[in-house]
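Here's the structure we're looking at; comments come further down.
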Amino acid sequence: MENSLSTTAAELRVLSDEYYEKFLSVIAKSRKPNPIRGLYPLEKKPGVISLLAGKPNASSFPFTSFSFTVTSPTSSSLSTSPETKLTIDGAELAEALQYSDTAGLKQLLEWTTGLQTFSHQRELGEGWRISVGSGSQDLLYKAVASIFNPGDPILVEAPAYSGAIAIFEALKCLQIEIQTDDQGILPSSLRSILDNWPEGKAKPKGLYTIPYGGNPSGTTIPVERRLQVLQLALEHDFLILEDDPYYYLYYSTSPRPQSYFSLEREITTVGRVLRFDSFSKILSAGIRIGFATGPTPLLNAIDGYTATSNLQTSSFTQAVVVKLLTHWGYEGFHAHTEKVSAFYKEKRDVFETAMKKHLGGLAEWTTPVSGLFFWFKLILPGEDDSEAIIKTKAYENGVLALPGTVFLPSGSKTTYARAAFSLLSEEDIDEALRRLRGVLITEQQT
Ligand code: PMP
């Protein structure tokens, strides 16, 4: 049934809870529904008088209205002055200042659900839903804790986001590195690990990957490889944790490869992609809003975690975000992301020009078509590790970058290093790489 495209919605519902049970951690399975939050939806039934929750009375709050000014997504550049004042007041403000549902504010859940249909062509009713979190990091942590028990193996593309590695380490997952090249995951590496998996040893329940503008690698995996990875996920029965904060920062003129979440629909109707989106890079990092999308039972497990930890993501920041998003609409949102992409593409180009000028012959790299990073290999004969050079010598010379080792689950040595190009002016970029050149030339001579 799993490979069949003809699975009906009714069959999917039957599959749901029992089917995903095998992916849940002991802790996730042992969580009981929160006795109060679990009943929130009942309060909304017309005619019900609720004596349920100890919610503070909004009329006692000191806030009477909240206004903010936003740019227009259709203005020609990001730097044009703010154009529209939006106000949250009345019942909307009362809701924004109150406790709300664990998964997220209804309006934001609806808007982001529509966004997934708009961006990834996934229709509701296919057994998925969304939960909002305080950034995608929050949801990643909760998801990993809901799936993996201490000691459970997890497949991790290497190099990988150091913030994800920190989660796997904190939760004592056994990280299995999957090799990559300048196009992302090597399906052959994944296949070889899975085909040679020791008999009798529990197989990995999931793969962690960043499909666009990898952090740190800058790579964007092509569709053919994505399909191979999905096929392996079916064959070996694992989930794909698609961590995708850079999806909307895409610089190439060739068509954007479909996300795993979108592509899985071509292979199976039983979802195994758990997708993490973030508004950090496109609206604001400090507003701390991200959202996870995937099979309902997995989202229920994430909500179970939330209900026992921070109860919910701030209703207030969710209200601000959804006010802006509904004002813009999906077309406006996309127009904004295109402007943000154009902004970073220019930064990338300036950075690469300076790389060619200063690091030619001293480093090698592939131009990233998405994301905010250059991942470069130092060409230093006899050197097998960039750590001392990047962490100590470059810093002593006034440049701060990251040695590649922090992005390897095994922590092994590497001659790679990561540079973020998002913040600097052209002058600072030139100066930083001129300083790095000085360090590398001195290294070559010693
Ligand atoms: N995943 C990746 C790959 C990231 O690069 C980041 C942020 N640097 C995050 C997750 C966390 O993002 P957020 O701000 O949404 O928590």
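Letters A, B, ... go to the chains of the structure tokens in the order shown; residues in each chain start at 1; ligands are counted from 1 in the same order.
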*List every residue of stretch 99-177 of chain A that DSSP, applied to the backbone, labels as alpha helix (DSSP H), and write the result as a ChimeraX atom specification.*
/A:106-120,135-147,162-170
How close does each residue of chain A get to ligand 1, giving the shortest atom pair and distance in Å to one decimal for every residue with an atom at most 6 Å away, counting only C-alpha atoms and all ligand atoms, sorted by chain and residue number, as a tab-separated table?
residue	atom	partner	partner_atom_place_in_ligand_line	distance
A:Gly135	CA	ligand 1	16 (O)	3.5
A:Ser136	CA	ligand 1	15 (O)	3.7
A:Gln137	CA	ligand 1	16 (O)	3.8
A:Tyr161	CA	ligand 1	3 (C)	5.2
A:Asn215	CA	ligand 1	3 (C)	5.2
A:Asp243	CA	ligand 1	1 (N)	5.6
A:Pro245	CA	ligand 1	2 (C)	5.8
A:Ser278	CA	ligand 1	15 (O)	4.3
A:Ser280	CA	ligand 1	14 (O)	4.8
A:Ala285	CA	ligand 1	14 (O)	5.4
A:Gly290	CA	ligand 1	15 (O)	5.1
*With a distance cut-off of 9 Å and only C-alpha atoms, select the neighbouring residues of A:Lys85, excluding the residue or stretch itself and same-chain residues fewer than 5 positions from it, and output the selection as a ChimeraX atom specification.*
/A:67-70
*Report the distance between atom CA of A:Ala158 and atom CA of A:Ile27 in Å, rounded to one decimal place.*
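A separation of 27.7 Å between them.
The residue set within 9 Å of A:Thr74, counting only C-alpha atoms and dropping same-chain residues fewer than 3 places from it, reads Thr71, Ser77, Gly332, Ala335, His336 and Lys339 of chain A.
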Keeping only N, CA and C atoms, write the selected residues as a compact mmCIF listing (two decimals), in the first residue's frame.
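Wrote part00.txt, looks like this:
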# COMPACT_ATOMS: atom_id res chain seq x y z
N THR A 71 7.09 47.61 5.21
CA THR A 71 7.39 47.96 3.82
C THR A 71 6.39 47.28 2.89
N SER A 77 12.78 48.28 -4.03
CA SER A 77 13.92 47.76 -3.28
C SER A 77 13.56 47.62 -1.81
N GLY A 332 2.23 38.67 -2.29
CA GLY A 332 3.06 39.72 -1.67
C GLY A 332 4.22 39.10 -0.89
N ALA A 335 6.74 38.04 -3.31
CA ALA A 335 7.43 39.22 -3.88
C ALA A 335 8.49 39.70 -2.88
N HIS A 336 8.13 39.69 -1.59
CA HIS A 336 9.10 40.11 -0.57
C HIS A 336 10.30 39.16 -0.54
N LYS A 339 12.72 39.83 -3.19
CA LYS A 339 13.58 41.00 -2.94
C LYS A 339 14.69 40.65 -1.95
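Closest approach to A:Asp101 from the set A:Phe407, A:Tyr40, A:Trp328, A:Phe351 is made by A:Tyr40, with distances taken over only C-alpha atoms.
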Wanna dump the stretch 35-55 of chain A-stretch 303-325 of chain A contacts at 12 Å for me, each residue with its shortest atom pair and the distance in Å to one decimal, counting only C-alpha atoms, ordered by chain and number, as CSV?
residue,atom,partner,partner_atom,distance
A:Pro35,CA,A:Ala307,CA,9.9
A:Ile36,CA,A:Ala307,CA,9.8
A:Arg37,CA,A:Ala307,CA,7.4
A:Gly38,CA,A:Ala307,CA,9.1
Keeping only N, CA and C atoms, write those residues as a CSV table (one decimal), in the first residue's frame.
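Writing done, so here's part05.csv:
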chain,number,residue,atom,x,y,z
A,35,PRO,N,-4.3,18.2,30.6
A,35,PRO,CA,-5.8,18.1,30.9
A,35,PRO,C,-6.5,19.4,30.7
A,36,ILE,N,-5.8,20.5,30.7
A,36,ILE,CA,-6.5,21.8,30.4
A,36,ILE,C,-6.4,22.2,28.9
A,37,ARG,N,-5.2,22.2,28.4
A,37,ARG,CA,-5.0,22.6,27.0
A,37,ARG,C,-5.7,21.7,26.0
A,38,GLY,N,-5.8,20.4,26.4
A,38,GLY,CA,-6.5,19.5,25.5
A,38,GLY,C,-8.0,19.8,25.4
Need to verify the contact set: stretch 356-358 of chain A, 9 Å, only C-alpha atoms, exclusion of same-chain residues closer than 4 positions in sequence. Can you return it as a compact mmCIF listing (two decimals) with N, CA and C atoms, in the first residue's frame?
# COMPACT_ATOMS: atom_id res chain seq x y z
N PHE A 351 30.95 39.01 -2.26
CA PHE A 351 31.84 38.16 -1.46
C PHE A 351 32.70 37.30 -2.39
N GLU A 352 32.07 36.76 -3.41
CA GLU A 352 32.82 35.87 -4.30
C GLU A 352 33.88 36.63 -5.09
N LEU A 362 44.57 29.87 -2.88
CA LEU A 362 44.71 29.58 -1.44
C LEU A 362 43.50 28.81 -0.90
N ASP A 430 35.99 42.97 1.69
CA ASP A 430 37.31 43.05 1.05
C ASP A 430 38.41 43.00 2.11
N LEU A 433 38.78 39.46 3.78
CA LEU A 433 39.44 38.45 2.96
C LEU A 433 40.90 38.82 2.67
N ARG A 434 41.20 40.12 2.68
CA ARG A 434 42.60 40.52 2.54
C ARG A 434 43.39 40.03 3.76
N ARG A 435 42.78 40.18 4.95
CA ARG A 435 43.46 39.71 6.18
C ARG A 435 43.63 38.19 6.16
N LEU A 436 42.58 37.50 5.70
CA LEU A 436 42.67 36.03 5.65
C LEU A 436 43.77 35.61 4.68
N ARG A 437 43.87 36.32 3.59
CA ARG A 437 44.93 36.04 2.62
C ARG A 437 46.31 36.11 3.29
N GLY A 438 46.49 37.19 4.07
CA GLY A 438 47.77 37.38 4.78
C GLY A 438 48.09 36.17 5.64
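Among the candidates A:Phe118, A:Gly294, A:Leu78, A:Ile302, the residue lying nearest to A:Lys142 is A:Ile302 (atoms considered: only C-alpha atoms).
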_For atom CA of A:Ile193 and atom CA of A:Ala160, the interatomic separation in Å (one decimal)_ =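 Going from atom CA of A:Ile193 over to atom CA of A:Ala160 covers 17.6 Å.
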*asked:* Which residue is closest to A:Lys201? Choose from A:Gly151, A:Ala401, A:Pro297, A:Arg129 and count only C-alpha atoms.
replied: A:Gly151
_In stretch 227-294 of chain A, DSSP strand (DSSP E) residues written as an MDAnalysis selection string_ = chainID A and resid 239:243 273:278 290:294
Selection from above, N, CA and C atoms, as a PDB file, in the first residue's frame, can you write it?
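Once written, out.pdb looks like this:
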ATOM      1  N   LEU A 239      12.206   8.483   8.347  1.00  0.00           N
ATOM      2  CA  LEU A 239      11.633   9.810   8.119  1.00  0.00           C
ATOM      3  C   LEU A 239      12.711  10.745   7.574  1.00  0.00           C
ATOM      4  N   ILE A 240      12.288  11.790   6.870  1.00  0.00           N
ATOM      5  CA  ILE A 240      13.247  12.810   6.434  1.00  0.00           C
ATOM      6  C   ILE A 240      12.939  14.096   7.200  1.00  0.00           C
ATOM      7  N   LEU A 241      13.918  14.548   7.979  1.00  0.00           N
ATOM      8  CA  LEU A 241      13.772  15.812   8.698  1.00  0.00           C
ATOM      9  C   LEU A 241      14.357  16.894   7.790  1.00  0.00           C
ATOM     10  N   GLU A 242      13.464  17.573   7.091  1.00  0.00           N
ATOM     11  CA  GLU A 242      13.871  18.564   6.081  1.00  0.00           C
ATOM     12  C   GLU A 242      13.947  19.942   6.753  1.00  0.00           C
ATOM     13  N   ASP A 243      15.169  20.359   7.088  1.00  0.00           N
ATOM     14  CA  ASP A 243      15.362  21.630   7.810  1.00  0.00           C
ATOM     15  C   ASP A 243      15.648  22.710   6.760  1.00  0.00           C
ATOM     16  N   VAL A 273       8.024  12.947   5.380  1.00  0.00           N
ATOM     17  CA  VAL A 273       8.847  14.152   5.466  1.00  0.00           C
ATOM     18  C   VAL A 273       8.284  15.057   6.561  1.00  0.00           C
ATOM     19  N   LEU A 274       9.175  15.421   7.471  1.00  0.00           N
ATOM     20  CA  LEU A 274       8.831  16.383   8.517  1.00  0.00           C
ATOM     21  C   LEU A 274       9.638  17.628   8.175  1.00  0.00           C
ATOM     22  N   ARG A 275       8.907  18.683   7.799  1.00  0.00           N
ATOM     23  CA  ARG A 275       9.557  19.858   7.233  1.00  0.00           C
ATOM     24  C   ARG A 275       9.598  21.000   8.241  1.00  0.00           C
ATOM     25  N   PHE A 276      10.738  21.708   8.269  1.00  0.00           N
ATOM     26  CA  PHE A 276      10.899  22.826   9.200  1.00  0.00           C
ATOM     27  C   PHE A 276      11.117  24.097   8.403  1.00  0.00           C
ATOM     28  N   ASP A 277      10.184  25.045   8.538  1.00  0.00           N
ATOM     29  CA  ASP A 277      10.322  26.352   7.891  1.00  0.00           C
ATOM     30  C   ASP A 277      10.620  27.391   8.959  1.00  0.00           C
ATOM     31  N   SER A 278      11.223  28.488   8.522  1.00  0.00           N
ATOM     32  CA  SER A 278      11.575  29.543   9.476  1.00  0.00           C
ATOM     33  C   SER A 278      11.305  30.909   8.857  1.00  0.00           C
ATOM     34  N   GLY A 290       8.847  29.959  13.677  1.00  0.00           N
ATOM     35  CA  GLY A 290       9.097  28.934  12.668  1.00  0.00           C
ATOM     36  C   GLY A 290       7.897  28.009  12.662  1.00  0.00           C
ATOM     37  N   PHE A 291       7.824  27.107  11.711  1.00  0.00           N
ATOM     38  CA  PHE A 291       6.711  26.147  11.733  1.00  0.00           C
ATOM     39  C   PHE A 291       7.142  24.812  11.153  1.00  0.00           C
ATOM     40  N   ALA A 292       6.582  23.763  11.758  1.00  0.00           N
ATOM     41  CA  ALA A 292       6.874  22.395  11.306  1.00  0.00           C
ATOM     42  C   ALA A 292       5.645  21.869  10.586  1.00  0.00           C
ATOM     43  N   THR A 293       5.889  21.132   9.506  1.00  0.00           N
ATOM     44  CA  THR A 293       4.800  20.581   8.689  1.00  0.00           C
ATOM     45  C   THR A 293       5.073  19.095   8.489  1.00  0.00           C
ATOM     46  N   GLY A 294       4.057  18.269   8.676  1.00  0.00           N
ATOM     47  CA  GLY A 294       4.285  16.846   8.444  1.00  0.00           C
ATOM     48  C   GLY A 294       3.126  16.006   8.912  1.00  0.00           C
TER      49      GLY A 294
END
*Tell me which protein, DNA and RNA residues are within 10 Å of stretch 410-419 of chain A, counting only C-alpha atoms, leaving out same-chain ones fewer than 2 positions away, and put them as a ChimeraX atom specification.*
/A:158-159,165,175-177,215-218,351,363-365,372-380,383-387,389-391,400-408,421-422
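If only C-alpha atoms are the atoms counted, then among A:Pro150, A:Pro56, A:Pro368, A:Pro409 the closest residue to A:Glu95 is A:Pro56.
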*What does the distance between atom CA of A:Glu431 and atom CA of A:Val399 come to in Å, to one decimal place?*
9.1 Å
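Distances to A:Leu139 were evaluated for A:Glu266, A:Leu299, A:Glu235, A:Ile441 using only C-alpha atoms, and the minimum falls at A:Leu299.
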